[in-house]
$ cat query-v3.txt   # compact mmCIF, C-alpha atoms and all ligand atoms
# COMPACT_ATOMS: atom_id res chain seq x y z
CA MET H 1323 6.50 -46.74 40.20
CA LYS H 1324 6.28 -49.87 38.03
CA LYS H 1325 9.38 -50.67 35.95
CA VAL H 1326 9.37 -50.86 32.16
CA LYS H 1327 10.02 -54.56 31.49
CA LYS H 1328 7.96 -55.34 28.41
CA ALA H 1329 8.27 -54.18 24.83
CA ILE H 1330 6.17 -54.40 21.69
CA ILE H 1331 7.84 -54.63 18.30
CA PRO H 1332 5.29 -54.19 15.52
CA ALA H 1333 6.35 -56.20 12.47
CA ALA H 1334 3.15 -56.76 10.54
CA GLY H 1335 3.79 -54.28 7.72
CA LEU H 1336 3.64 -55.53 4.14
CA GLY H 1337 7.07 -54.21 3.18
CA THR H 1338 5.81 -52.85 -0.14
CA ARG H 1339 8.78 -50.48 -0.49
CA PHE H 1340 11.10 -53.47 -0.87
CA LEU H 1341 9.07 -55.62 -3.27
CA PRO H 1342 9.83 -58.06 -4.81
CA ALA H 1343 12.46 -58.85 -2.13
CA THR H 1344 9.70 -58.94 0.50
CA LYS H 1345 7.27 -61.08 -1.46
CA ALA H 1346 8.19 -64.23 0.48
CA MET H 1347 10.51 -62.76 3.14
CA PRO H 1348 9.54 -60.29 5.89
CA LYS H 1349 11.21 -56.89 5.48
CA GLU H 1350 12.39 -57.19 9.11
CA MET H 1351 14.68 -60.03 7.97
CA LEU H 1352 16.54 -57.90 5.39
CA PRO H 1353 20.11 -57.80 6.69
CA ILE H 1354 22.35 -54.83 7.37
CA ILE H 1355 25.71 -56.50 6.63
CA ASP H 1356 25.08 -59.86 8.37
CA LYS H 1357 22.27 -59.24 10.86
CA PRO H 1358 18.54 -58.88 10.15
CA THR H 1359 17.25 -55.39 10.98
CA ILE H 1360 14.88 -56.78 13.62
CA GLN H 1361 17.82 -58.25 15.55
CA TYR H 1362 19.30 -54.76 16.03
CA ILE H 1363 15.94 -53.76 17.52
CA VAL H 1364 15.71 -56.78 19.82
CA GLU H 1365 19.29 -56.20 21.01
CA GLU H 1366 18.55 -52.56 21.81
CA ALA H 1367 15.51 -53.62 23.85
CA VAL H 1368 17.52 -56.21 25.79
CA GLU H 1369 20.39 -53.77 26.41
CA SER H 1370 17.80 -51.31 27.74
CA GLY H 1371 16.64 -53.78 30.41
CA ILE H 1372 13.58 -55.21 28.66
CA GLU H 1373 12.80 -58.77 29.81
CA ASP H 1374 9.85 -59.76 27.64
CA ILE H 1375 9.28 -58.87 24.02
CA ILE H 1376 6.16 -59.37 21.96
CA ILE H 1377 6.46 -59.13 18.21
CA VAL H 1378 3.24 -58.32 16.39
CA THR H 1379 3.43 -60.21 13.12
CA GLY H 1380 1.23 -60.62 10.09
CA LYS H 1381 1.03 -63.00 7.16
CA GLY H 1382 4.27 -64.59 5.93
CA LYS H 1383 6.38 -63.64 8.95
CA ARG H 1384 7.37 -67.13 10.10
CA ALA H 1385 11.03 -66.48 9.28
CA ILE H 1386 11.14 -64.02 12.20
CA GLU H 1387 10.04 -66.73 14.65
CA ASP H 1388 12.57 -69.16 13.20
CA HIS H 1389 15.33 -66.59 13.48
CA PHE H 1390 14.83 -66.09 17.21
CA ASP H 1391 14.46 -69.82 17.85
CA HIS H 1392 17.36 -72.14 18.69
CA ALA H 1393 18.99 -73.48 15.55
CA PHE H 1394 20.33 -76.80 16.90
CA GLU H 1395 21.85 -78.15 13.70
CA LEU H 1396 23.53 -74.90 12.78
CA GLU H 1397 24.84 -74.40 16.33
CA MET H 1398 26.20 -77.96 16.48
CA ASN H 1399 27.84 -77.55 13.11
CA LEU H 1400 29.54 -74.30 14.12
CA ALA H 1401 30.67 -75.81 17.45
CA GLU H 1402 32.17 -78.84 15.69
CA LYS H 1403 34.07 -76.57 13.34
CA GLY H 1404 35.31 -74.46 16.24
CA LYS H 1405 33.66 -71.31 14.84
CA ILE H 1406 33.06 -69.89 18.30
CA ARG H 1407 32.56 -66.24 17.40
CA LEU H 1408 29.92 -67.11 14.81
CA LEU H 1409 28.31 -69.53 17.28
CA GLU H 1410 28.01 -66.76 19.87
CA GLU H 1411 26.46 -64.46 17.25
CA VAL H 1412 23.91 -67.11 16.30
CA ARG H 1413 23.06 -67.78 19.98
CA ARG H 1414 22.59 -64.09 20.69
CA SER H 1415 19.42 -64.16 18.63
CA SER H 1416 17.82 -66.95 20.68
CA GLY H 1417 18.60 -65.90 24.24
CA VAL H 1418 15.60 -63.60 24.95
CA ASP H 1419 12.01 -64.40 25.77
CA ILE H 1420 10.09 -63.46 22.66
CA HIS H 1421 6.36 -63.89 22.22
CA TYR H 1422 4.32 -63.53 19.06
CA ILE H 1423 0.87 -62.35 18.23
CA ARG H 1424 -0.77 -61.85 14.86
CA GLN H 1425 -2.38 -58.67 13.66
CA LYS H 1426 -5.09 -60.21 11.52
CA GLU H 1427 -5.68 -57.18 9.28
CA PRO H 1428 -3.23 -54.38 8.46
CA ARG H 1429 -5.10 -51.55 10.23
CA GLY H 1430 -2.16 -49.38 11.24
CA LEU H 1431 0.42 -48.94 13.98
CA GLY H 1432 -2.10 -47.99 16.68
CA HIS H 1433 -4.03 -51.18 16.00
CA ALA H 1434 -0.83 -53.29 16.01
CA VAL H 1435 0.07 -51.97 19.47
CA TRP H 1436 -3.52 -52.53 20.69
CA CYS H 1437 -3.26 -56.20 19.59
CA ALA H 1438 -0.63 -56.72 22.33
CA ARG H 1439 -2.73 -55.20 25.16
CA ARG H 1440 -3.35 -58.48 27.02
CA PHE H 1441 0.34 -59.30 27.04
CA ILE H 1442 1.20 -55.88 28.50
CA GLY H 1443 -1.58 -55.74 31.12
CA ASP H 1444 -1.42 -52.84 33.58
CA GLU H 1445 2.27 -51.91 33.21
CA PRO H 1446 4.23 -49.21 31.46
CA PHE H 1447 5.81 -50.59 28.30
CA ALA H 1448 8.02 -49.77 25.34
CA VAL H 1449 7.35 -49.77 21.60
CA LEU H 1450 10.22 -50.05 19.13
CA LEU H 1451 9.69 -49.69 15.39
CA GLY H 1452 11.84 -51.74 13.07
CA ASP H 1453 12.29 -49.05 10.43
CA ASP H 1454 14.51 -47.02 12.76
CA ILE H 1455 17.87 -48.34 13.95
CA VAL H 1456 19.67 -46.14 16.49
CA GLN H 1457 23.37 -46.35 17.32
CA SER H 1458 24.26 -44.61 20.57
CA GLU H 1459 26.44 -44.94 23.63
CA VAL H 1460 23.44 -45.37 25.92
CA PRO H 1461 20.81 -47.39 24.00
CA CYS H 1462 18.05 -45.11 22.74
CA LEU H 1463 15.27 -46.94 24.59
CA LYS H 1464 17.29 -46.86 27.80
CA GLN H 1465 17.49 -43.06 27.54
CA LEU H 1466 13.68 -42.90 27.30
CA ILE H 1467 13.22 -45.33 30.21
CA GLN H 1468 15.49 -43.13 32.36
CA GLU H 1469 13.24 -40.15 31.55
CA TYR H 1470 10.16 -42.23 32.37
CA GLU H 1471 11.73 -43.10 35.72
CA THR H 1472 12.16 -39.43 36.63
CA THR H 1473 8.85 -38.11 35.22
CA GLY H 1474 6.57 -41.14 35.76
CA ALA H 1475 4.98 -40.18 32.44
CA SER H 1476 4.98 -41.48 28.86
CA VAL H 1477 8.04 -40.41 26.87
CA ILE H 1478 8.35 -40.38 23.07
CA GLY H 1479 11.75 -40.32 21.30
CA VAL H 1480 12.24 -37.47 18.83
CA GLN H 1481 15.00 -36.05 16.64
CA PRO H 1482 15.05 -33.12 14.19
CA VAL H 1483 14.46 -33.74 10.48
CA PRO H 1484 14.83 -31.34 7.52
CA ASP H 1485 11.68 -29.23 6.92
CA HIS H 1486 10.85 -30.97 3.63
CA GLU H 1487 10.68 -34.37 5.38
CA THR H 1488 8.23 -33.50 8.17
CA GLN H 1489 5.26 -34.92 6.23
CA ARG H 1490 6.72 -38.43 6.57
CA TYR H 1491 6.63 -38.45 10.37
CA GLY H 1492 4.68 -37.83 13.53
CA ILE H 1493 5.70 -34.28 14.56
CA ILE H 1494 5.49 -32.57 17.94
CA ASP H 1495 4.24 -29.07 18.69
CA PRO H 1496 6.53 -28.21 21.63
CA LYS H 1497 5.16 -26.21 24.56
CA ALA H 1498 8.21 -25.95 26.79
CA LYS H 1499 11.70 -27.41 26.88
CA GLN H 1500 14.03 -28.38 29.69
CA GLY H 1501 17.37 -29.74 28.48
CA ARG H 1502 16.42 -32.40 25.95
CA LEU H 1503 12.94 -32.97 27.42
CA TYR H 1504 9.88 -31.32 25.83
CA GLN H 1505 6.41 -30.71 27.14
CA VAL H 1506 4.17 -31.10 24.14
CA ARG H 1507 1.05 -29.18 23.12
CA ASN H 1508 0.21 -31.48 20.25
CA PHE H 1509 1.38 -34.63 18.49
CA VAL H 1510 0.48 -34.51 14.78
CA GLU H 1511 0.75 -37.51 12.44
CA LYS H 1512 2.17 -36.71 8.99
CA PRO H 1513 1.29 -32.99 8.74
CA GLN H 1514 0.61 -31.54 5.29
CA PRO H 1515 3.65 -29.90 3.64
CA GLY H 1516 4.24 -26.49 5.20
CA GLN H 1517 1.89 -27.18 8.13
CA ALA H 1518 4.29 -28.89 10.54
CA PRO H 1519 4.35 -27.23 13.98
CA SER H 1520 8.11 -28.00 14.33
CA ASN H 1521 10.74 -30.22 12.76
CA MET H 1522 11.06 -32.55 15.76
CA ALA H 1523 9.95 -35.97 14.49
CA ILE H 1524 8.88 -39.14 16.30
CA MET H 1525 11.56 -41.75 15.64
CA GLY H 1526 10.08 -45.13 16.45
CA ARG H 1527 10.85 -45.32 20.19
CA TYR H 1528 8.11 -44.94 22.79
CA VAL H 1529 7.62 -45.54 26.51
CA LEU H 1530 3.89 -45.52 27.24
CA THR H 1531 1.65 -45.90 30.26
CA PRO H 1532 -1.03 -48.62 29.88
CA ASP H 1533 -3.72 -45.87 29.83
CA ILE H 1534 -3.03 -45.69 26.07
CA PHE H 1535 -5.01 -48.93 25.63
CA ARG H 1536 -8.26 -47.38 26.85
CA ILE H 1537 -7.78 -44.74 24.17
CA LEU H 1538 -6.80 -47.24 21.47
CA ASP H 1539 -9.97 -49.25 22.30
CA LEU H 1540 -11.97 -46.39 20.77
CA GLN H 1541 -9.43 -44.84 18.40
CA GLU H 1542 -10.78 -44.03 14.94
CA GLU H 1543 -8.88 -44.10 11.67
CA GLY H 1544 -6.59 -41.16 10.98
CA ALA H 1545 -3.97 -40.32 8.34
CA GLY H 1546 -3.91 -42.84 5.47
CA GLY H 1547 -7.13 -44.49 6.76
CA GLU H 1548 -5.14 -46.24 9.50
CA ILE H 1549 -5.48 -46.33 13.28
CA GLN H 1550 -2.58 -44.08 14.20
CA LEU H 1551 -0.58 -44.45 17.40
CA THR H 1552 0.28 -40.74 17.24
CA ASP H 1553 -3.44 -39.77 17.40
CA ALA H 1554 -3.90 -41.94 20.50
CA ILE H 1555 -0.77 -40.40 22.07
CA GLN H 1556 -2.24 -36.93 21.53
CA LYS H 1557 -5.47 -37.98 23.31
CA LEU H 1558 -3.38 -39.41 26.16
CA ASN H 1559 -1.49 -36.11 26.28
CA GLU H 1560 -4.80 -34.33 26.90
CA LEU H 1561 -5.50 -36.59 29.90
CA GLU H 1562 -1.98 -36.88 31.37
CA GLN H 1563 1.35 -35.26 30.42
CA VAL H 1564 3.22 -37.03 27.61
CA TYR H 1565 6.81 -35.88 27.12
CA ALA H 1566 9.02 -35.95 24.05
CA TYR H 1567 12.73 -36.59 24.51
CA HIS H 1568 15.42 -35.57 22.02
CA PHE H 1569 17.50 -38.73 22.36
CA GLN H 1570 21.24 -38.89 21.71
CA GLY H 1571 22.56 -41.07 18.91
CA VAL H 1572 22.53 -41.58 15.18
CA ARG H 1573 19.27 -42.78 13.74
CA TYR H 1574 19.22 -44.81 10.53
CA ASP H 1575 16.13 -45.08 8.36
CA VAL H 1576 16.07 -48.65 7.10
CA GLY H 1577 12.42 -48.46 6.05
CA GLU H 1578 13.14 -47.12 2.57
CA LYS H 1579 15.65 -48.00 -0.15
CA LEU H 1580 18.10 -45.10 -0.02
CA GLY H 1581 18.15 -45.10 3.79
CA PHE H 1582 18.76 -48.84 3.73
CA ILE H 1583 21.71 -48.51 1.33
CA LEU H 1584 23.23 -45.62 3.30
CA THR H 1585 22.88 -47.60 6.54
CA THR H 1586 24.60 -50.60 4.96
CA LEU H 1587 27.43 -48.36 3.73
CA ASP H 1588 27.83 -46.64 7.08
CA PHE H 1589 27.87 -49.95 8.99
CA ALA H 1590 30.34 -51.41 6.49
CA LEU H 1591 32.64 -48.42 6.95
CA ARG H 1592 32.61 -49.09 10.71
CA HIS H 1593 33.28 -52.81 10.16
CA GLN H 1594 36.86 -53.86 10.86
CA GLU H 1595 37.18 -56.33 7.97
CA LEU H 1596 35.07 -54.47 5.43
CA ARG H 1597 36.26 -50.89 5.88
CA GLY H 1598 39.57 -51.18 3.97
CA PRO H 1599 38.39 -53.17 0.94
CA LEU H 1600 35.21 -51.11 0.69
CA LEU H 1601 37.06 -47.79 0.68
CA GLN H 1602 39.40 -49.10 -1.96
CA ALA H 1603 36.56 -50.36 -4.14
CA MET H 1604 34.72 -47.04 -3.79
CA GLU H 1605 37.81 -45.12 -4.80
CA GLU H 1606 38.30 -47.28 -7.89
CA PHE H 1607 34.63 -46.95 -8.66
CA LEU H 1608 34.71 -43.15 -8.50
CA GLU H 1609 37.90 -42.95 -10.54
CA LYS H 1610 36.25 -44.72 -13.47
CA SER H 1611 35.16 -42.16 -15.99
CA THR H 1612 31.88 -43.92 -16.84
CA LEU H 1613 29.24 -44.71 -14.26
CA PRO H 1614 27.38 -48.03 -14.47
CA LYS H 1615 24.19 -48.00 -16.52
CA VAL H 1616 20.97 -47.11 -14.71
CA ILE H 1617 18.86 -50.20 -14.00
CA GLY H 1618 15.31 -50.65 -12.76
C1 LIG H 1701 5.46 -44.35 11.92
C2 LIG H 1701 4.71 -43.41 12.89
C3 LIG H 1701 5.28 -41.99 12.79
C4 LIG H 1701 6.78 -42.02 13.05
C5 LIG H 1701 7.48 -43.01 12.09
C6 LIG H 1701 8.95 -43.17 12.46
O1 LIG H 1701 5.16 -43.96 10.61
O2 LIG H 1701 3.34 -43.43 12.56
O3 LIG H 1701 4.65 -41.17 13.73
O4 LIG H 1701 7.31 -40.74 12.90
O5 LIG H 1701 6.87 -44.30 12.15
O6 LIG H 1701 9.61 -44.03 11.60
P1 LIG H 1701 5.44 -44.93 9.33
O7 LIG H 1701 6.86 -44.73 8.96
O8 LIG H 1701 5.13 -46.32 9.77
O9 LIG H 1701 4.51 -44.43 8.26
$ encode --input "query-v3.txt" --output "structure tokens"
Amino acid sequence: MKKVKKAIIPAAGLGTRFLPATKAMPKEMLPIIDKPTIQYIVEEAVESGIEDIIIVTGKGKRAIEDHFDHAFELEMNLAEKGKIRLLEEVRRSSGVDIHYIRQKEPRGLGHAVWCARRFIGDEPFAVLLGDDIVQSEVPCLKQLIQEYETTGASVIGVQPVPDHETQRYGIIDPKAKQGRLYQVRNFVEKPQPGQAPSNMAIMGRYVLTPDIFRILDLQEEGAGGEIQLTDAIQKLNELEQVYAYHFQGVRYDVGEKLGFILTTLDFALRHQELRGPLLQAMEEFLEKSTLPKVIG
């Protein structure tokens, strides 16, 4: 069985939920504390054994390429000042082999993945979406790769969501379950409210066999007029078994404002230097009888 060594990170989205912040800066560069969200994703891929990453970018995404490049002046400056810990942090973002390709029109996630087909070739590969950050003992993607290695089949990461949120996700219709692994009858992209076959949602981590590309070659537009990866996965599931795996770990939704704020708060509360002062500030804040005025 071929090993999973390559990963695709789609990052061509327009970031409309974070405008105007994302007018001139890619949403993938928005930081959680002091690290851009896309760096968490790259680090998870590397910790899962991925050797080559391709980032599918769009217009105005040059900052991502710069971020993962060597920053000679900055590194020299930090070295001269003896700021070794910061220097190591900065170097961490330039130590992997990252390739870039442009998605010329925003035609959806399925199309973004298809754009990387020549880079992947005839190998199984991973897809990691930047809107989902997962914190877990064993990296989320590694858990899926381990399942791929025992089943030899595509494996999609899922976690439960509240019923009223199912319309925001790709949802599975489970057929059978063994431990945390599901056989799936159907993968449905963004079901209408009340029509979801379960509350197990696709959470932005996929291990796929290259057969998906033959399907994506012909895939038509689905939900939202976009070429949906979920629709192609369902077709693949009709040809060969595609599993869903309920991965372990906490998943953070950094693709929308409230999720982004909650993630920042949660990470700050786990941060050695920030935890104390933040808790104190929050306490003082809550003690005040008047809340700040609503803005925006
Ligand atoms: C995408 C996928 C969807 C998945 C979600 C996870 O949707 O199409 O199946 O559940 O990511 O974040 P998007 O959030 O890009 O609309």
$ closest_residue --input "query-v3.txt" --among "H:Phe1340, H:Tyr1565, H:Phe1447, H:Phe1441" --to "Lys1324 in chain H" --atoms "only C-alpha atoms"
H:Phe1447
$ residues_near_ligand --input "query-v3.txt" --ligand "ligand LIG 1701 (chain H)" --cutoff "10 Å" --atoms "all atoms listed in the file" --output "ChimeraX atom specification"
/H:1332,1335,1430-1432,1450-1455,1479-1481,1488-1494,1509-1512,1522-1527,1545-1546,1548-1553,1555,1573-1578
$ write_last_selection --input "query-v3.txt" --atoms "C-alpha atoms" --output "short mmCIF file (atom, residue, chain, number, x, y, z; two decimals), keeping the file's coordinate frame"
data_model
loop_
_atom_site.label_atom_id
_atom_site.label_comp_id
_atom_site.auth_asym_id
_atom_site.auth_seq_id
_atom_site.Cartn_x
_atom_site.Cartn_y
_atom_site.Cartn_z
CA PRO H 1332 5.29 -54.19 15.52
CA GLY H 1335 3.79 -54.28 7.72
CA GLY H 1430 -2.16 -49.38 11.24
CA LEU H 1431 0.42 -48.94 13.98
CA GLY H 1432 -2.10 -47.99 16.68
CA LEU H 1450 10.22 -50.05 19.13
CA LEU H 1451 9.69 -49.69 15.39
CA GLY H 1452 11.84 -51.74 13.07
CA ASP H 1453 12.29 -49.05 10.43
CA ASP H 1454 14.51 -47.02 12.76
CA ILE H 1455 17.87 -48.34 13.95
CA GLY H 1479 11.75 -40.32 21.30
CA VAL H 1480 12.24 -37.47 18.83
CA GLN H 1481 15.00 -36.05 16.64
CA THR H 1488 8.23 -33.50 8.17
CA GLN H 1489 5.26 -34.92 6.23
CA ARG H 1490 6.72 -38.43 6.57
CA TYR H 1491 6.63 -38.45 10.37
CA GLY H 1492 4.68 -37.83 13.53
CA ILE H 1493 5.70 -34.28 14.56
CA ILE H 1494 5.49 -32.57 17.94
CA PHE H 1509 1.38 -34.63 18.49
CA VAL H 1510 0.48 -34.51 14.78
CA GLU H 1511 0.75 -37.51 12.44
CA LYS H 1512 2.17 -36.71 8.99
CA MET H 1522 11.06 -32.55 15.76
CA ALA H 1523 9.95 -35.97 14.49
CA ILE H 1524 8.88 -39.14 16.30
CA MET H 1525 11.56 -41.75 15.64
CA GLY H 1526 10.08 -45.13 16.45
CA ARG H 1527 10.85 -45.32 20.19
CA ALA H 1545 -3.97 -40.32 8.34
CA GLY H 1546 -3.91 -42.84 5.47
CA GLU H 1548 -5.14 -46.24 9.50
CA ILE H 1549 -5.48 -46.33 13.28
CA GLN H 1550 -2.58 -44.08 14.20
CA LEU H 1551 -0.58 -44.45 17.40
CA THR H 1552 0.28 -40.74 17.24
CA ASP H 1553 -3.44 -39.77 17.40
CA ILE H 1555 -0.77 -40.40 22.07
CA ARG H 1573 19.27 -42.78 13.74
CA TYR H 1574 19.22 -44.81 10.53
CA ASP H 1575 16.13 -45.08 8.36
CA VAL H 1576 16.07 -48.65 7.10
CA GLY H 1577 12.42 -48.46 6.05
CA GLU H 1578 13.14 -47.12 2.57
#
$ atom_distance --input "query-v3.txt" --atom1 "CA of Tyr1567 in chain H" --atom2 "CA of Gln1500 in chain H"
9.8 Å
$ closest_residue --input "query-v3.txt" --among "H:Glu1395, H:Glu1445, H:Glu1427, H:Asp1588" --to "Thr1531 in chain H" --atoms "only C-alpha atoms"
H:Glu1445
$ closest_residue --input "query-v3.txt" --among "H:Glu1560, H:Glu1365, H:Arg1597, H:Gln1505" --to "Gln1457 in chain H" --atoms "all atoms listed in the file"
H:Glu1365
$ closest_residue --input "query-v3.txt" --among "H:Val1460, H:Val1449, H:Ile1406, H:Ile1330" --to "Ile1420 in chain H" --atoms "all atoms listed in the file"
H:Ile1330
$ closest_residue --input "query-v3.txt" --among "H:Leu1463, H:Leu1396, H:Ala1346, H:Leu1600" --to "Phe1569 in chain H" --atoms "all atoms listed in the file"
H:Leu1463
$ atom_distance --input "query-v3.txt" --atom1 "CA of Asp1539 in chain H" --atom2 "CA of Gln1425 in chain H"
14.9 Å
$ residues_around --input "query-v3.txt" --residues "Ile1372 in chain H" --least-positions-apart "6" --cutoff "9 Å" --atoms "all atoms listed in the file" --output "PDB file with C-alpha atoms, in the coordinates of the input"
ATOM      1  CA  VAL H1326       9.370 -50.860  32.160  1.00  0.00           C
ATOM      2  CA  LYS H1327      10.020 -54.560  31.490  1.00  0.00           C
ATOM      3  CA  LYS H1328       7.960 -55.340  28.410  1.00  0.00           C
ATOM      4  CA  ALA H1329       8.270 -54.180  24.830  1.00  0.00           C
ATOM      5  CA  GLU H1366      18.550 -52.560  21.810  1.00  0.00           C
ATOM      6  CA  ALA H1448       8.020 -49.770  25.340  1.00  0.00           C
TER       7      ALA H1448
END
$ atom_distance --input "query-v3.txt" --atom1 "CA of Glu1387 in chain H" --atom2 "CA of Ile1355 in chain H"
20.4 Å
$ decode --input "query-v3.txt" --residues "range 1517-1528 of chain H" --atoms "N, CA, C and O atoms" --output "JSON list (two decimals), in the first residue's frame"
[["chain", "number", "residue", "atom", "x", "y", "z"],
["H", 1517, "GLN", "N", -33.38, 18.02, 7.41],
["H", 1517, "GLN", "CA", -33.23, 16.91, 6.46],
["H", 1517, "GLN", "C", -31.93, 16.13, 6.66],
["H", 1517, "GLN", "O", -31.64, 15.23, 5.89],
["H", 1518, "ALA", "N", -31.14, 16.52, 7.67],
["H", 1518, "ALA", "CA", -29.83, 15.87, 7.83],
["H", 1518, "ALA", "C", -30.00, 14.41, 8.24],
["H", 1518, "ALA", "O", -30.79, 14.10, 9.13],
["H", 1519, "PRO", "N", -29.27, 13.50, 7.60],
["H", 1519, "PRO", "CA", -29.39, 12.07, 7.93],
["H", 1519, "PRO", "C", -28.74, 11.70, 9.27],
["H", 1519, "PRO", "O", -28.98, 10.62, 9.79],
["H", 1520, "SER", "N", -27.90, 12.58, 9.83],
["H", 1520, "SER", "CA", -27.30, 12.37, 11.16],
["H", 1520, "SER", "C", -26.76, 13.72, 11.61],
["H", 1520, "SER", "O", -26.97, 14.74, 10.93],
["H", 1521, "ASN", "N", -26.08, 13.74, 12.74],
["H", 1521, "ASN", "CA", -25.43, 15.00, 13.13],
["H", 1521, "ASN", "C", -23.90, 14.85, 13.11],
["H", 1521, "ASN", "O", -23.20, 15.63, 13.74],
["H", 1522, "MET", "N", -23.42, 13.84, 12.39],
["H", 1522, "MET", "CA", -21.96, 13.67, 12.26],
["H", 1522, "MET", "C", -21.49, 14.48, 11.05],
["H", 1522, "MET", "O", -21.86, 14.20, 9.90],
["H", 1523, "ALA", "N", -20.65, 15.51, 11.34],
["H", 1523, "ALA", "CA", -20.28, 16.47, 10.29],
["H", 1523, "ALA", "C", -18.82, 16.31, 9.86],
["H", 1523, "ALA", "O", -17.95, 16.01, 10.67],
["H", 1524, "ILE", "N", -18.59, 16.55, 8.57],
["H", 1524, "ILE", "CA", -17.23, 16.52, 8.02],
["H", 1524, "ILE", "C", -16.48, 17.75, 8.54],
["H", 1524, "ILE", "O", -16.97, 18.87, 8.44],
["H", 1525, "MET", "N", -15.28, 17.51, 9.09],
["H", 1525, "MET", "CA", -14.57, 18.59, 9.78],
["H", 1525, "MET", "C", -13.24, 18.98, 9.15],
["H", 1525, "MET", "O", -12.25, 19.19, 9.84],
["H", 1526, "GLY", "N", -13.18, 19.02, 7.84],
["H", 1526, "GLY", "CA", -12.00, 19.58, 7.19],
["H", 1526, "GLY", "C", -10.74, 18.75, 7.23],
["H", 1526, "GLY", "O", -9.64, 19.29, 7.11],
["H", 1527, "ARG", "N", -10.87, 17.42, 7.41],
["H", 1527, "ARG", "CA", -9.70, 16.54, 7.33],
["H", 1527, "ARG", "C", -10.09, 15.32, 6.50],
["H", 1527, "ARG", "O", -11.06, 14.62, 6.82],
["H", 1528, "TYR", "N", -9.31, 15.07, 5.44],
["H", 1528, "TYR", "CA", -9.64, 13.98, 4.53],
["H", 1528, "TYR", "C", -8.37, 13.21, 4.15],
["H", 1528, "TYR", "O", -7.32, 13.83, 3.94]]
